[in-house]
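Okay, structure first, notes after.
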Amino acid sequence: MRSDYLFTSESVSEGHPDKVADQISDSIVDLFLSKDPEARIACETLTTTQLVVLAGEIRCKGVYENGAWAPGAQEEIEKTVRETVKRIGYEQDGFHWEKFEFINRLHGQSAHIAQGVDAGANKDEGAGDQGIMFGFACNDTPDLMPATLYYSHKILAKLAEDRHSGAAPFLEPDAKSQVTLRYVDGKPVAATAIVVSTQHAPGYDEGAKDVELKAYVKKTVTDILPEGFVSDTTAWHINPTGSFEIGGPDGDAGVTGRKIIVDTYGGAAPHGGGAFSGKDPTKVDRSAAYVARYLAKNVVAAGLASRVTIQLSYAIGVSRPLSLYVDTHGTGTVDDAALEKAIAHVSEEKLGGLTPRGIRNGLGLNKPIYQPSAAYGHFGRSAQGDFFPWERTDLVDALKTALA
């Protein structure tokens, strides 16, 4: 591993068109899971100028059964979608929560997929698809996330907070950030470049209003980054195109699942390719990635490594993972192979195994907990009640015991 280098990660705000799509898809996941904890959902969303389209496959008791919608179900779906867009803050000529056209093309789940996933007399519940999933953790930040992504998320979350509260009334929902940090001896020490592009009210691209917006962004970023990270040598690029009035789905179409690096580790770790939002937890694209993060975070929290990557792989319809791989990147206090065995043992003991059912039951994933994860990252968030259970560090003692 190199010890001295520059590294960069980006984030996008809740008003970015792809993130609008992610949040709508997860609002549908939450709606269906609130009706039926065993619901199957694969909901994709397309957003563009004054249009939202849902597509995908579902199975949900009391909502969609035997090829038909329950009375009032489609109206409740539309209401949920519009409320999600309203919460984000879109009341613009090109995209308004009350005025966009809504098209629902959700339909029943394929019977051939269902037969592979459903538990039967001779098989446990199988994975909802094949694939590889990665979990990662490092000790850059208190939340054990890569610092570049962690601060990229924090910047945009603060802009959104100030927009919603009225503290920054010149901000509009769409925004992007990018943070480049210098690492020395493997630790972040300084910000060499900051990029923030934020949609703004008319007139905030010139004169005194432009100065006000840029000063606000600089102060916000400086307050969020650790003391001393920003200096006279930090390069700033704030709304570098000059104007950003047209944004959100009116400025660019949005689709579910196009921000998977923003959702995970900002490029600091591999990604298996599967998106999270819009999927119920039988889909290992989501649940296995969550449990891999859970395991990785506990490894670092236990002091067994300062950086770790975990890979899991699955076959559709098969319950047990095909492989478990652990790489501590030379930072481990024990052999990686020994750590693999300890993780497998603890997973069996605490979760009932790394099967879709074990992951779901062990982490409590059959609940309407997903929309908050659909903006500002699925990882590096505080576990709060039922939300973000994969961020708990309650396996630390069990891992240490297994390695004793």
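Scheme for the structure tokens: letters A, B, ... for chains in order shown; per-chain residue numbers from 1; ligand numbers from 1 in order shown.
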Output as a Markdown table one row per residue of region 25-68 of chain A within 12 Å of region 86-99 of chain A: the closest atom pair and its distance in Å to one decimal place, counting only C-alpha atoms, sorted by chain and residue number ascending.
```
| residue | atom | partner | partner_atom | distance |
| --- | --- | --- | --- | --- |
| A:Ser27 | CA | A:Arg87 | CA | 11.6 |
| A:Thr47 | CA | A:Phe95 | CA | 9.2 |
| A:Thr48 | CA | A:Phe95 | CA | 7.9 |
| A:Thr49 | CA | A:Gly94 | CA | 5.4 |
| A:Gln50 | CA | A:Phe95 | CA | 4.7 |
| A:Leu51 | CA | A:Phe95 | CA | 7.7 |
| A:Val52 | CA | A:Phe95 | CA | 9.7 |
```
Would you write out those residues with C-alpha atoms, as a compact mmCIF listing (two decimals), in the first residue's frame?
```txt
# COMPACT_ATOMS: atom_id res chain seq x y z
CA SER A 27 -40.23 4.95 -0.57
CA THR A 47 -37.39 10.97 -13.45
CA THR A 48 -37.26 13.71 -16.06
CA THR A 49 -38.98 17.02 -16.79
CA GLN A 50 -42.39 16.86 -15.07
CA LEU A 51 -42.48 13.06 -15.25
CA VAL A 52 -41.97 10.12 -12.88
```
request  = Find the spatial neighbours of Ser11 (chain A), counting only C-alpha atoms, within a cut-off of 8 Å - ignore same-chain residues fewer than 5 positions away - and output them as JSON, numbers by chain.
outcome  = {"A": [149, 152, 153, 156, 176, 177, 178, 262, 266, 376]}
ask   = Which residue gives the smallest distance to Tyr314 (chain A) among A:Gly228, A:Gly352, A:Gly267, A:Gly272, with only C-alpha atoms counted?
value =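 Of A:Gly228, A:Gly352, A:Gly267, A:Gly272, the one nearest Tyr314 (chain A), counting only C-alpha atoms, is A:Gly272.
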task = For region 290-302 of chain A, work out the shell of residues within 8 Å, counting only C-alpha atoms and skipping chain neighbours fewer than 4 positions away, then give it as a PyMOL selection string.
result = chain A and resi 133-139+144+286+306-312+343+359+363+379+390-397+399-400
For the selection you just gave me, I'd like the residues written to a file as an mmCIF file, in the first residue's frame, keeping N, CA and C atoms.
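And here's selection_30.cif as it stands now:
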```cif
data_model
loop_
_atom_site.group_PDB
_atom_site.id
_atom_site.type_symbol
_atom_site.label_atom_id
_atom_site.label_comp_id
_atom_site.auth_asym_id
_atom_site.auth_seq_id
_atom_site.Cartn_x
_atom_site.Cartn_y
_atom_site.Cartn_z
ATOM 1 N N MET A 133 -20.670 -9.172 -3.707
ATOM 2 C CA MET A 133 -20.925 -8.011 -2.870
ATOM 3 C C MET A 133 -19.705 -7.748 -2.004
ATOM 4 N N PHE A 134 -19.412 -6.469 -1.779
ATOM 5 C CA PHE A 134 -18.247 -6.071 -1.000
ATOM 6 C C PHE A 134 -18.649 -5.237 0.208
ATOM 7 N N GLY A 135 -17.913 -5.449 1.296
ATOM 8 C CA GLY A 135 -18.002 -4.583 2.465
ATOM 9 C C GLY A 135 -16.635 -4.016 2.759
ATOM 10 N N PHE A 136 -16.603 -2.828 3.340
ATOM 11 C CA PHE A 136 -15.326 -2.148 3.576
ATOM 12 C C PHE A 136 -15.430 -1.309 4.836
ATOM 13 N N ALA A 137 -14.308 -1.152 5.510
ATOM 14 C CA ALA A 137 -14.207 -0.213 6.625
ATOM 15 C C ALA A 137 -12.744 0.189 6.776
ATOM 16 N N CYS A 138 -12.527 1.381 7.269
ATOM 17 C CA CYS A 138 -11.164 1.868 7.555
ATOM 18 C C CYS A 138 -11.273 2.865 8.697
ATOM 19 N N ASN A 139 -10.132 3.182 9.290
ATOM 20 C CA ASN A 139 -10.171 4.053 10.470
ATOM 21 C C ASN A 139 -9.865 5.516 10.160
ATOM 22 N N LEU A 144 -15.721 5.041 10.616
ATOM 23 C CA LEU A 144 -14.935 4.004 9.938
ATOM 24 C C LEU A 144 -15.229 3.956 8.437
ATOM 25 N N ARG A 286 -28.455 -6.039 -2.098
ATOM 26 C CA ARG A 286 -28.631 -5.096 -0.995
ATOM 27 C C ARG A 286 -28.220 -5.721 0.342
ATOM 28 N N SER A 306 -6.794 -1.936 10.433
ATOM 29 C CA SER A 306 -7.157 -0.535 10.249
ATOM 30 C C SER A 306 -7.856 -0.312 8.917
ATOM 31 N N ARG A 307 -7.874 -1.372 8.091
ATOM 32 C CA ARG A 307 -8.521 -1.295 6.774
ATOM 33 C C ARG A 307 -8.851 -2.722 6.342
ATOM 34 N N VAL A 308 -10.091 -2.957 5.913
ATOM 35 C CA VAL A 308 -10.457 -4.324 5.524
ATOM 36 C C VAL A 308 -11.500 -4.298 4.420
ATOM 37 N N THR A 309 -11.359 -5.225 3.496
ATOM 38 C CA THR A 309 -12.340 -5.460 2.439
ATOM 39 C C THR A 309 -12.836 -6.895 2.571
ATOM 40 N N ILE A 310 -14.157 -7.063 2.505
ATOM 41 C CA ILE A 310 -14.780 -8.385 2.578
ATOM 42 C C ILE A 310 -15.623 -8.602 1.330
ATOM 43 N N GLN A 311 -15.468 -9.765 0.700
ATOM 44 C CA GLN A 311 -16.292 -10.116 -0.450
ATOM 45 C C GLN A 311 -17.140 -11.344 -0.141
ATOM 46 N N LEU A 312 -18.405 -11.291 -0.578
ATOM 47 C CA LEU A 312 -19.295 -12.438 -0.547
ATOM 48 C C LEU A 312 -19.804 -12.688 -1.962
ATOM 49 N N ILE A 343 -14.863 -14.814 11.135
ATOM 50 C CA ILE A 343 -16.053 -14.140 10.621
ATOM 51 C C ILE A 343 -17.143 -15.155 10.289
ATOM 52 N N ILE A 359 -29.301 -13.158 7.204
ATOM 53 C CA ILE A 359 -28.956 -11.731 7.162
ATOM 54 C C ILE A 359 -30.173 -10.887 7.519
ATOM 55 N N LEU A 363 -30.224 -8.886 11.067
ATOM 56 C CA LEU A 363 -30.120 -7.428 11.054
ATOM 57 C C LEU A 363 -31.478 -6.730 11.118
ATOM 58 N N PHE A 379 -23.747 3.830 4.051
ATOM 59 C CA PHE A 379 -22.801 3.443 5.094
ATOM 60 C C PHE A 379 -22.207 4.681 5.756
ATOM 61 N N TRP A 390 -26.883 -2.254 10.092
ATOM 62 C CA TRP A 390 -25.587 -2.757 9.621
ATOM 63 C C TRP A 390 -24.427 -1.865 10.073
ATOM 64 N N GLU A 391 -24.737 -0.748 10.733
ATOM 65 C CA GLU A 391 -23.687 0.123 11.259
ATOM 66 C C GLU A 391 -23.397 -0.138 12.740
ATOM 67 N N ARG A 392 -24.068 -1.101 13.333
ATOM 68 C CA ARG A 392 -23.774 -1.434 14.730
ATOM 69 C C ARG A 392 -22.392 -2.086 14.845
ATOM 70 N N THR A 393 -21.801 -1.961 16.007
ATOM 71 C CA THR A 393 -20.501 -2.607 16.257
ATOM 72 C C THR A 393 -20.633 -3.581 17.432
ATOM 73 N N ASP A 394 -21.668 -4.407 17.368
ATOM 74 C CA ASP A 394 -21.955 -5.324 18.470
ATOM 75 C C ASP A 394 -21.353 -6.714 18.275
ATOM 76 N N LEU A 395 -20.486 -6.879 17.270
ATOM 77 C CA LEU A 395 -19.794 -8.150 17.084
ATOM 78 C C LEU A 395 -18.347 -8.128 17.541
ATOM 79 N N VAL A 396 -17.930 -7.000 18.091
ATOM 80 C CA VAL A 396 -16.523 -6.810 18.461
ATOM 81 C C VAL A 396 -16.058 -7.904 19.431
ATOM 82 N N ASP A 397 -16.775 -8.106 20.508
ATOM 83 C CA ASP A 397 -16.339 -9.089 21.509
ATOM 84 C C ASP A 397 -16.366 -10.506 20.942
ATOM 85 N N LEU A 399 -15.920 -11.443 17.825
ATOM 86 C CA LEU A 399 -14.774 -11.635 16.934
ATOM 87 C C LEU A 399 -13.490 -11.849 17.726
ATOM 88 N N LYS A 400 -13.308 -11.074 18.756
ATOM 89 C CA LYS A 400 -12.097 -11.230 19.578
ATOM 90 C C LYS A 400 -12.071 -12.616 20.235
#
```
request  = Can you work out the spacing between CA of Thr282 (chain A) and CA of Pro389 (chain A) in Å, to one decimal?
outcome  = 16.2 Å
key: Backbone DSSP call of alpha helix (DSSP H) for region 83-265 of chain A, listed as a PyMOL selection string   = chain A and resi 83-88+111-117+147-165+207-224+248-251+260-263
ask   = What does the distance from CA of Glu83 (chain A) to CA of Arg59 (chain A) come to in Å, to one decimal?
value = 22.8 Å
request  = Considering only C-alpha atoms, state which residue in the set A:Tyr265, A:Val211, A:His345, A:Glu10 is at the smallest distance from Ile194 (chain A).
outcome  = A:Glu10
